[in-house]
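Q: This structure is in structure tokens; I'll ask about it shortly.
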Amino acid sequence: MRTPGLWRTALNFIGRHELGTSLAILLAAGGALSFIQIADEVREGEADHIDRALLLALRTAQNPADPLGPRWVEEIGRDLTALGGTAVLLLITTAVVGYLLLTRKPRAAALMLFSVLGAFAAVHAMKWLFDRPRPDLVPHLSYVLTPSFPSGHSMLSASVYLTIGTLLARIEKSLVIRAYLLLWAFFLAFLVGLSRVYVGVHWPTDVLAGWAAGAAWASLCWLLARALERRGGSDAKSQT
């Protein structure tokens, strides 16, 4: 059955509001609400049994100190977790900012720096606020210094990779290429978060909260870029 009324309503909505902007608003709101919900469950201890079960599910039943899979899988886990580390993310950020400056996009470079530094400040403030202990069920395969909630690697990788993905997508005309770039950004953030549970340094809810907060922050930064562009303050062309 055809529903021309629904199609007309959808087209009118897209015509009045840019689709990319609408999606960014939804992602920011959804990420913020998800973070609040997860944080509430963590504070109440309602997610403890799920956290413990999922963390142990990635370890052999006979020996919780042994992650699932052969030794080379453990090495891959450590490699993937490094993609969300401070040193790697700062190197990537420096390279992207340098590229944006060389291509005469100083405002986009400033936005990139704002996104990354803001995410660093936010995640450390939240870690101090919640002060959740790290998992003690299994040995850690990665050295850690800060409290557990939310996962800094998860939030920072989501913020950095999604911000880079959206900046690159804005200069691409092809919808397929834009989708490809954004999917890779999401995939990298997903792998980093999964690796944090695998190496035993985070509860699963830490990672979920980090993803939610990172996606919300990256979306807010993207909306800021759109607002600056409308006022003539952006040096990146919109393609969405």
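Going by the structure tokens order, chains are called A, B, ..., each with residues numbered from 1, while ligands are numbered from 1 in the order shown.
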When you look at Arg52 in chain A with a cut-off of 9 Å (counting only C-alpha atoms), what residues show up, excluding the ones that are within fewer than 5 positions of it in the same chain? I need them as a list in words.
A: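 Skipping anything fewer than 5 positions along the chain leaves Ala47, Ala57, Pro135, Leu137, Trp203 and Pro204 of chain A.
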Q: Quick one: pick out all helix (DSSP H, G or I) residues within range 34-80 of chain A from a backbone DSSP run and write them as a VMD selection string.
A: chain A and resid 34 to 44 48 to 57 71 to 80
Q: Write a file of the just-selected residues containing N, CA and C atoms, as a tab-separated table (two decimals), in the first residue's frame.
A:
chain	number	residue	atom	x	y	z
A	34	SER	N	21.44	7.85	27.22
A	34	SER	CA	21.99	6.52	27.50
A	34	SER	C	23.04	6.59	28.60
A	35	PHE	N	23.90	7.61	28.54
A	35	PHE	CA	24.93	7.75	29.57
A	35	PHE	C	24.30	7.95	30.95
A	36	ILE	N	23.28	8.80	31.02
A	36	ILE	CA	22.61	9.05	32.29
A	36	ILE	C	22.00	7.76	32.84
A	37	GLN	N	21.37	6.98	31.97
A	37	GLN	CA	20.74	5.73	32.40
A	37	GLN	C	21.79	4.73	32.92
A	38	ILE	N	22.88	4.60	32.18
A	38	ILE	CA	23.94	3.66	32.58
A	38	ILE	C	24.57	4.12	33.89
A	39	ALA	N	24.84	5.42	33.99
A	39	ALA	CA	25.45	5.95	35.22
A	39	ALA	C	24.56	5.71	36.43
A	40	ASP	N	23.27	5.86	36.25
A	40	ASP	CA	22.33	5.62	37.35
A	40	ASP	C	22.36	4.16	37.78
A	41	GLU	N	22.40	3.24	36.81
A	41	GLU	CA	22.44	1.82	37.15
A	41	GLU	C	23.75	1.45	37.84
A	42	VAL	N	24.84	2.08	37.41
A	42	VAL	CA	26.14	1.81	38.04
A	42	VAL	C	26.13	2.30	39.49
A	43	ARG	N	25.60	3.49	39.72
A	43	ARG	CA	25.55	4.04	41.07
A	43	ARG	C	24.71	3.17	42.00
A	44	GLU	N	23.61	2.61	41.46
A	44	GLU	CA	22.72	1.77	42.27
A	44	GLU	C	23.21	0.32	42.37
A	48	ASP	N	25.85	-4.77	38.30
A	48	ASP	CA	27.04	-5.51	38.75
A	48	ASP	C	27.04	-6.96	38.26
A	49	HIS	N	25.90	-7.64	38.36
A	49	HIS	CA	25.87	-9.06	37.98
A	49	HIS	C	26.07	-9.23	36.48
A	50	ILE	N	25.54	-8.30	35.69
A	50	ILE	CA	25.74	-8.37	34.23
A	50	ILE	C	27.19	-8.08	33.89
A	51	ASP	N	27.77	-7.08	34.54
A	51	ASP	CA	29.18	-6.75	34.31
A	51	ASP	C	30.08	-7.95	34.59
A	52	ARG	N	29.85	-8.59	35.72
A	52	ARG	CA	30.69	-9.72	36.11
A	52	ARG	C	30.53	-10.88	35.12
A	53	ALA	N	29.29	-11.15	34.72
A	53	ALA	CA	29.04	-12.26	33.81
A	53	ALA	C	29.69	-12.02	32.45
A	54	LEU	N	29.58	-10.82	31.92
A	54	LEU	CA	30.15	-10.51	30.60
A	54	LEU	C	31.67	-10.51	30.64
A	55	LEU	N	32.23	-9.99	31.72
A	55	LEU	CA	33.69	-9.97	31.83
A	55	LEU	C	34.24	-11.39	31.90
A	56	LEU	N	33.61	-12.24	32.70
A	56	LEU	CA	34.07	-13.62	32.82
A	56	LEU	C	33.80	-14.43	31.55
A	57	ALA	N	32.82	-14.01	30.75
A	57	ALA	CA	32.52	-14.71	29.50
A	57	ALA	C	33.67	-14.60	28.50
A	71	ARG	N	47.40	-17.08	22.11
A	71	ARG	CA	48.21	-15.93	22.51
A	71	ARG	C	48.18	-14.80	21.48
A	72	TRP	N	48.06	-15.16	20.20
A	72	TRP	CA	48.06	-14.11	19.19
A	72	TRP	C	46.79	-13.26	19.26
A	73	VAL	N	45.70	-13.86	19.75
A	73	VAL	CA	44.48	-13.09	19.94
A	73	VAL	C	44.67	-12.08	21.07
A	74	GLU	N	45.36	-12.51	22.14
A	74	GLU	CA	45.66	-11.59	23.23
A	74	GLU	C	46.49	-10.42	22.73
A	75	GLU	N	47.45	-10.71	21.85
A	75	GLU	CA	48.29	-9.64	21.30
A	75	GLU	C	47.46	-8.67	20.46
A	76	ILE	N	46.51	-9.20	19.69
A	76	ILE	CA	45.62	-8.35	18.91
A	76	ILE	C	44.80	-7.46	19.84
A	77	GLY	N	44.33	-8.03	20.96
A	77	GLY	CA	43.58	-7.25	21.93
A	77	GLY	C	44.37	-6.07	22.45
A	78	ARG	N	45.65	-6.30	22.75
A	78	ARG	CA	46.49	-5.20	23.22
A	78	ARG	C	46.73	-4.18	22.12
A	79	ASP	N	46.91	-4.66	20.88
A	79	ASP	CA	47.09	-3.73	19.76
A	79	ASP	C	45.86	-2.85	19.56
A	80	LEU	N	44.68	-3.46	19.63
A	80	LEU	CA	43.45	-2.71	19.42
A	80	LEU	C	43.21	-1.70	20.53
Q: Between CA of Tyr198 in chain A and CA of Trp211 in chain A, what is the spacing in Å?
A: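 Going from CA of Trp211 in chain A over to CA of Tyr198 in chain A, I get 16.0 Å.
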Q: Which residue out of A:Thr205, A:Leu228, A:Ala179, A:Ala218 has the minimum interatomic distance to Gly45 in chain A when only C-alpha atoms are used?
A: A:Thr205
Q: Write out as a VMD selection string the residues lying within 10 Å of Ala185 in chain A, counting only C-alpha atoms and excluding same-chain residues fewer than 2 positions away.
A: chain A and resid 157 to 166 179 to 183 187 to 190
Q: Give me the residues within 10 Å of Ala82 in chain A as a list in words, counting only C-alpha atoms and dropping any in the same chain fewer than 5 places off.
A: Ile76, Gly77, Ala87, Val88, Leu89, Ser142, His153, Val192, Ser195 and Arg196 of chain A
Q: Filtering to C-alpha atoms, could you give me those residues as an mmCIF file, in the first residue's frame?
A:
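Result went into result-v7.cif, see below:
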data_model
loop_
_atom_site.group_PDB
_atom_site.id
_atom_site.type_symbol
_atom_site.label_atom_id
_atom_site.label_comp_id
_atom_site.auth_asym_id
_atom_site.auth_seq_id
_atom_site.Cartn_x
_atom_site.Cartn_y
_atom_site.Cartn_z
ATOM 1 C CA ILE A 76 45.618 -8.348 18.910
ATOM 2 C CA GLY A 77 43.576 -7.254 21.925
ATOM 3 C CA ALA A 87 49.597 8.742 22.833
ATOM 4 C CA VAL A 88 47.990 7.287 19.693
ATOM 5 C CA LEU A 89 45.000 9.652 19.781
ATOM 6 C CA SER A 142 47.071 -3.388 30.223
ATOM 7 C CA HIS A 153 39.586 4.780 25.769
ATOM 8 C CA VAL A 192 38.676 -0.162 21.138
ATOM 9 C CA SER A 195 39.301 -4.637 23.695
ATOM 10 C CA ARG A 196 39.085 -2.817 27.045
#
Q: Work out how far CA of Pro147 in chain A is from CA of His202 in chain A, in Å to one decimal.
A: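 According to the coordinates, CA of His202 in chain A and CA of Pro147 in chain A are separated by 9.4 Å.
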Q: My list of candidates is A:Ile92, A:Val207, A:Val201, A:Met155. Which is closest to Ala119 in chain A when distances are computed with only C-alpha atoms?
A: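 Checking each candidate against Ala119 in chain A, we get A:Met155 as the closest.
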Q: Between A:Thr21, A:Gly30, A:Gly84, A:Leu168, which residue has the minimum interatomic distance to Leu100 in chain A, considering only C-alpha atoms?
A: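 Once distances to Leu100 in chain A are computed over only C-alpha atoms, the minimum belongs to A:Leu168.
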Q: To one decimal place, how far is CA of Gly69 in chain A from CA of Gly210 in chain A in Å?
A: 25.7 Å
Q: Would you pick out the contacts of Ala32 in chain A at 12 Å or less, using only C-alpha atoms, so that residues sharing its chain but fewer than 6 positions from it are not included, and give the list as a list in words?
A: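 Final neighbour list, sorted by chain and number: Ile25, Leu26, Ile38, Ala39, Leu208, Ala209, Gly210, Trp211, Ala212, Ala213, Gly214, Ala215, Ala216, Trp217, Ala218, Ser219 and Leu220 of chain A.
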Q: Excluding same-chain residues fewer than 5 positions from Val123 in chain A, what lies within 9 Å of it counting only C-alpha atoms, as a list in words?
A: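 What passes the distance filter is Gly118, Trp128, Phe149, Pro150, Ser151, Gly152, Met155, Leu156, Gly210 and Ala213 of chain A.
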Q: Could you write out that same residue set with C-alpha atoms as a short mmCIF file (atom, residue, chain, number, x, y, z; two decimals), in the first residue's frame?
A:
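Saved to result-v8.cif:
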data_model
loop_
_atom_site.label_atom_id
_atom_site.label_comp_id
_atom_site.auth_asym_id
_atom_site.auth_seq_id
_atom_site.Cartn_x
_atom_site.Cartn_y
_atom_site.Cartn_z
CA GLY A 118 37.07 18.89 25.59
CA TRP A 128 36.96 11.66 39.36
CA PHE A 149 33.90 4.77 34.92
CA PRO A 150 33.47 5.76 32.17
CA SER A 151 36.01 4.10 29.89
CA GLY A 152 38.39 6.83 28.73
CA MET A 155 34.90 7.83 25.02
CA LEU A 156 38.04 9.36 23.54
CA GLY A 210 32.14 5.80 27.21
CA ALA A 213 29.31 10.03 26.03
#
